[in-house]
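Enquirer: Have a look at this one.
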Amino acid sequence: MSYASPAGLPPVDATTPPVLTLAGPLARSQVAGLCDDLRGLLKGAAGGLVVCEVAGLGVPGLTAVDLLARLQLTARRSGGRIRLRAPDPALLALLDLVGLRFEVEGNPEQREPPLGVQEEVESGEAAV
């Protein structure tokens, strides 16, 4: 069985956020250019959200922490926000150590249990 393909461009989900891919090793001289790139992506981003692909950063260090802090500040000043995609657990630990909190793609918000998970109850009590 076959069918004719529809005319025109394929449908595109307008709510898919743009992606800024960060690849290492990074130098401090690249930070300003990446902030400019982020500002440009935020102008066309639906909902003011840009996803930062951080899997290619390599070994996390203070340069990566500085870059992400500056990107987050740039996004907030532009009225938007960033979300990290595929961060290394060591990078998340380092960000937590210095007190920076980021949205992470695919993870539920902190302090909110995932949907469909019931909290443990004492025996004899009905589950809520």
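Ordering of the structure tokens sets the chain letters (A, B, ...); residue numbers start at 1 within each chain; ligands are numbered from 1 in the order shown.
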Applying 12 Å and only C-alpha atoms, which residues near Thr63 of chain A remain after dropping the ones on its own chain fewer than 2 positions away? List them as a PyMOL selection string.

Expert: chain A and resi 24-31+57-61+65-70+91+94-95

Enquirer: Those same residues - all heavy atoms - I'd like them written as a short mmCIF file (atom, residue, chain, number, x, y, z; two decimals), in the first residue's frame.

Expert:
```cif
data_model
loop_
_atom_site.label_atom_id
_atom_site.label_comp_id
_atom_site.auth_asym_id
_atom_site.auth_seq_id
_atom_site.Cartn_x
_atom_site.Cartn_y
_atom_site.Cartn_z
N GLY A 24 33.93 20.94 24.17
CA GLY A 24 35.19 21.33 24.83
C GLY A 24 36.37 20.85 24.05
O GLY A 24 36.23 20.21 23.02
N PRO A 25 37.53 21.19 24.48
CA PRO A 25 37.81 22.02 25.65
C PRO A 25 37.49 23.49 25.37
O PRO A 25 37.64 23.97 24.26
CB PRO A 25 39.30 21.82 25.90
CG PRO A 25 39.87 21.45 24.57
CD PRO A 25 38.77 20.72 23.84
N LEU A 26 37.05 24.16 26.40
CA LEU A 26 36.65 25.56 26.28
C LEU A 26 37.75 26.49 26.76
O LEU A 26 38.49 26.16 27.67
CB LEU A 26 35.40 25.83 27.12
CG LEU A 26 34.12 25.16 26.65
CD1 LEU A 26 33.04 25.34 27.70
CD2 LEU A 26 33.67 25.74 25.33
N ALA A 27 37.80 27.65 26.13
CA ALA A 27 38.71 28.71 26.57
C ALA A 27 37.85 29.89 27.02
O ALA A 27 36.75 30.09 26.53
CB ALA A 27 39.63 29.13 25.43
N ARG A 28 38.37 30.65 27.96
CA ARG A 28 37.61 31.82 28.44
C ARG A 28 37.28 32.80 27.33
O ARG A 28 36.28 33.50 27.39
CB ARG A 28 38.39 32.53 29.54
CG ARG A 28 38.40 31.76 30.84
CD ARG A 28 39.06 32.60 31.93
NE ARG A 28 39.20 31.80 33.13
CZ ARG A 28 38.36 31.84 34.15
NH1 ARG A 28 37.33 32.65 34.11
NH2 ARG A 28 38.56 31.08 35.20
N SER A 29 38.10 32.83 26.30
CA SER A 29 37.85 33.76 25.20
C SER A 29 36.60 33.40 24.39
O SER A 29 36.06 34.24 23.68
CB SER A 29 39.06 33.80 24.27
OG SER A 29 39.32 32.50 23.74
N GLN A 30 36.10 32.17 24.53
CA GLN A 30 34.91 31.74 23.80
C GLN A 30 33.61 32.12 24.50
O GLN A 30 32.55 32.09 23.88
CB GLN A 30 34.93 30.21 23.63
CG GLN A 30 36.06 29.70 22.77
CD GLN A 30 36.10 28.19 22.80
OE1 GLN A 30 36.47 27.61 23.81
NE2 GLN A 30 35.70 27.58 21.70
N VAL A 31 33.68 32.49 25.76
CA VAL A 31 32.48 32.73 26.56
C VAL A 31 31.63 33.86 25.98
O VAL A 31 30.41 33.71 25.84
CB VAL A 31 32.85 33.01 28.03
CG1 VAL A 31 31.64 33.46 28.83
CG2 VAL A 31 33.48 31.78 28.67
N LEU A 57 31.33 18.62 26.55
CA LEU A 57 32.23 19.51 27.29
C LEU A 57 33.49 18.80 27.78
O LEU A 57 34.50 19.45 28.04
CB LEU A 57 31.52 20.13 28.49
CG LEU A 57 30.60 21.30 28.19
CD1 LEU A 57 29.94 21.80 29.47
CD2 LEU A 57 31.35 22.43 27.52
N GLY A 58 33.43 17.51 27.92
CA GLY A 58 34.60 16.78 28.41
C GLY A 58 34.67 16.83 29.92
O GLY A 58 33.65 16.94 30.61
N VAL A 59 35.88 16.75 30.45
CA VAL A 59 36.08 16.75 31.90
C VAL A 59 35.63 18.09 32.47
O VAL A 59 36.09 19.14 32.04
CB VAL A 59 37.57 16.51 32.24
CG1 VAL A 59 37.79 16.53 33.73
CG2 VAL A 59 38.03 15.19 31.64
N PRO A 60 34.68 18.06 33.42
CA PRO A 60 34.18 19.33 33.96
C PRO A 60 35.23 20.04 34.80
O PRO A 60 36.01 19.42 35.50
CB PRO A 60 32.99 18.91 34.82
CG PRO A 60 33.19 17.49 35.11
CD PRO A 60 34.01 16.92 34.00
N GLY A 61 35.24 21.35 34.66
CA GLY A 61 36.17 22.17 35.43
C GLY A 61 35.56 23.53 35.68
O GLY A 61 34.39 23.79 35.34
N VAL A 65 32.00 25.63 34.53
CA VAL A 65 31.10 26.22 35.53
C VAL A 65 30.93 27.71 35.24
O VAL A 65 29.81 28.23 35.26
CB VAL A 65 31.65 25.99 36.96
CG1 VAL A 65 30.87 26.81 37.97
CG2 VAL A 65 31.60 24.51 37.31
N ASP A 66 32.01 28.41 34.95
CA ASP A 66 31.95 29.83 34.64
C ASP A 66 31.10 30.07 33.39
O ASP A 66 30.26 30.97 33.37
CB ASP A 66 33.37 30.38 34.43
CG ASP A 66 33.38 31.85 34.10
OD1 ASP A 66 32.81 32.65 34.87
OD2 ASP A 66 33.98 32.22 33.05
N LEU A 67 31.30 29.26 32.36
CA LEU A 67 30.52 29.41 31.13
C LEU A 67 29.03 29.21 31.39
O LEU A 67 28.21 30.03 30.98
CB LEU A 67 30.99 28.40 30.07
CG LEU A 67 30.09 28.28 28.84
CD1 LEU A 67 30.10 29.57 28.05
CD2 LEU A 67 30.49 27.10 27.99
N LEU A 68 28.69 28.15 32.10
CA LEU A 68 27.27 27.89 32.36
C LEU A 68 26.64 28.96 33.24
O LEU A 68 25.48 29.35 33.02
CB LEU A 68 27.10 26.50 32.98
CG LEU A 68 27.42 25.33 32.04
CD1 LEU A 68 27.39 24.02 32.79
CD2 LEU A 68 26.46 25.31 30.86
N ALA A 69 27.39 29.48 34.20
CA ALA A 69 26.87 30.56 35.04
C ALA A 69 26.62 31.81 34.20
O ALA A 69 25.59 32.48 34.35
CB ALA A 69 27.85 30.86 36.17
N ARG A 70 27.54 32.12 33.30
CA ARG A 70 27.37 33.30 32.44
C ARG A 70 26.22 33.11 31.44
O ARG A 70 25.48 34.05 31.15
CB ARG A 70 28.66 33.63 31.72
CG ARG A 70 29.71 34.18 32.67
CD ARG A 70 31.03 34.43 31.93
NE ARG A 70 32.07 34.79 32.85
CZ ARG A 70 32.33 36.04 33.23
NH1 ARG A 70 31.60 37.03 32.78
NH2 ARG A 70 33.31 36.29 34.06
N LEU A 91 29.81 16.96 36.38
CA LEU A 91 29.49 18.37 36.15
C LEU A 91 28.35 18.80 37.06
O LEU A 91 28.40 19.88 37.67
CB LEU A 91 29.13 18.62 34.69
CG LEU A 91 28.69 20.04 34.33
CD1 LEU A 91 29.81 21.04 34.60
CD2 LEU A 91 28.24 20.11 32.89
N LEU A 94 29.71 19.26 40.51
CA LEU A 94 30.50 20.49 40.62
C LEU A 94 29.60 21.71 40.67
O LEU A 94 29.82 22.63 41.47
CB LEU A 94 31.48 20.57 39.44
CG LEU A 94 32.51 21.68 39.46
CD1 LEU A 94 33.36 21.62 40.73
CD2 LEU A 94 33.40 21.59 38.23
N LEU A 95 28.56 21.73 39.85
CA LEU A 95 27.61 22.85 39.87
C LEU A 95 26.90 22.93 41.22
O LEU A 95 26.70 24.02 41.76
CB LEU A 95 26.58 22.70 38.75
CG LEU A 95 27.10 22.91 37.33
CD1 LEU A 95 26.06 22.49 36.31
CD2 LEU A 95 27.54 24.34 37.10
#
```

Enquirer: Rank A:Asp36, A:Ile82, A:Gly47, A:Leu62 by their smallest atom-to-atom distance to Val98 of chain A, using only C-alpha atoms, and report the top residue only.

Expert: A:Leu62

Enquirer: Given the choices A:Gly33, A:Leu84, A:Thr16, A:Arg101, which gets closest to Ala46 of chain A if the distance is worked out from only C-alpha atoms?

Expert: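 Result for the nearest residue to Ala46 of chain A: A:Thr16.
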
Enquirer: Just list the residues in segment 23-121 of chain A DSSP gives helix (DSSP H, G or I) on the backbone, as JSON, numbers by chain.

Expert: {"A": [28, 29, 30, 31, 32, 33, 34, 35, 36, 37, 38, 39, 40, 41, 42, 43, 46, 47, 48, 62, 63, 64, 65, 66, 67, 68, 69, 70, 71, 72, 73, 74, 75, 76, 77, 89, 90, 91, 92, 93, 94, 95, 96, 97]}

Enquirer: For the residues in the current selection, export C-alpha atoms as a short mmCIF file (atom, residue, chain, number, x, y, z; two decimals), in the first residue's frame.

Expert:
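Written out: selection.cif:
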```cif
data_model
loop_
_atom_site.label_atom_id
_atom_site.label_comp_id
_atom_site.auth_asym_id
_atom_site.auth_seq_id
_atom_site.Cartn_x
_atom_site.Cartn_y
_atom_site.Cartn_z
CA ARG A 28 37.61 31.82 28.44
CA SER A 29 37.85 33.76 25.20
CA GLN A 30 34.91 31.74 23.80
CA VAL A 31 32.48 32.73 26.56
CA ALA A 32 31.45 36.10 25.08
CA GLY A 33 30.75 34.57 21.67
CA LEU A 34 28.65 31.78 23.18
CA CYS A 35 26.65 34.34 25.18
CA ASP A 36 25.99 36.22 21.93
CA ASP A 37 24.89 32.96 20.28
CA LEU A 38 22.51 32.32 23.19
CA ARG A 39 20.99 35.81 22.89
CA GLY A 40 20.33 35.16 19.21
CA LEU A 41 18.68 31.81 19.92
CA LEU A 42 16.52 33.31 22.67
CA LYS A 43 15.08 35.89 20.26
CA ALA A 46 9.19 29.82 21.88
CA GLY A 47 8.68 30.15 25.62
CA GLY A 48 12.11 31.73 26.11
CA LEU A 62 35.83 25.74 36.57
CA THR A 63 35.84 27.03 32.99
CA ALA A 64 32.68 25.00 32.29
CA VAL A 65 31.10 26.22 35.53
CA ASP A 66 31.95 29.83 34.64
CA LEU A 67 30.52 29.41 31.13
CA LEU A 68 27.27 27.89 32.36
CA ALA A 69 26.87 30.56 35.04
CA ARG A 70 27.37 33.30 32.44
CA LEU A 71 24.95 31.61 30.02
CA GLN A 72 22.34 31.35 32.74
CA LEU A 73 22.82 35.02 33.63
CA THR A 74 22.60 36.03 29.96
CA ALA A 75 19.39 34.04 29.53
CA ARG A 76 17.79 35.59 32.62
CA ARG A 77 18.76 39.11 31.55
CA PRO A 89 27.23 13.53 36.73
CA ALA A 90 30.56 15.07 37.73
CA LEU A 91 29.49 18.37 36.15
CA LEU A 92 26.22 18.30 38.08
CA ALA A 93 28.12 17.58 41.30
CA LEU A 94 30.50 20.49 40.62
CA LEU A 95 27.61 22.85 39.87
CA ASP A 96 25.92 21.74 43.08
CA LEU A 97 29.16 22.27 45.01
#
```

Enquirer: Could you jot down the atom CA of Thr15 of chain A to atom CA of Gly80 of chain A separation for me, Å, one decimal place?

Expert: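 We find that atom CA of Thr15 of chain A and atom CA of Gly80 of chain A lie 14.3 Å from each other.
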
Enquirer: Can you tell me how far atom CA of Gly106 of chain A sits from atom CA of Ala86 of chain A, in Å to one decimal?

Expert: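 Result for atom CA of Gly106 of chain A versus atom CA of Ala86 of chain A: 9.0 Å, one decimal.
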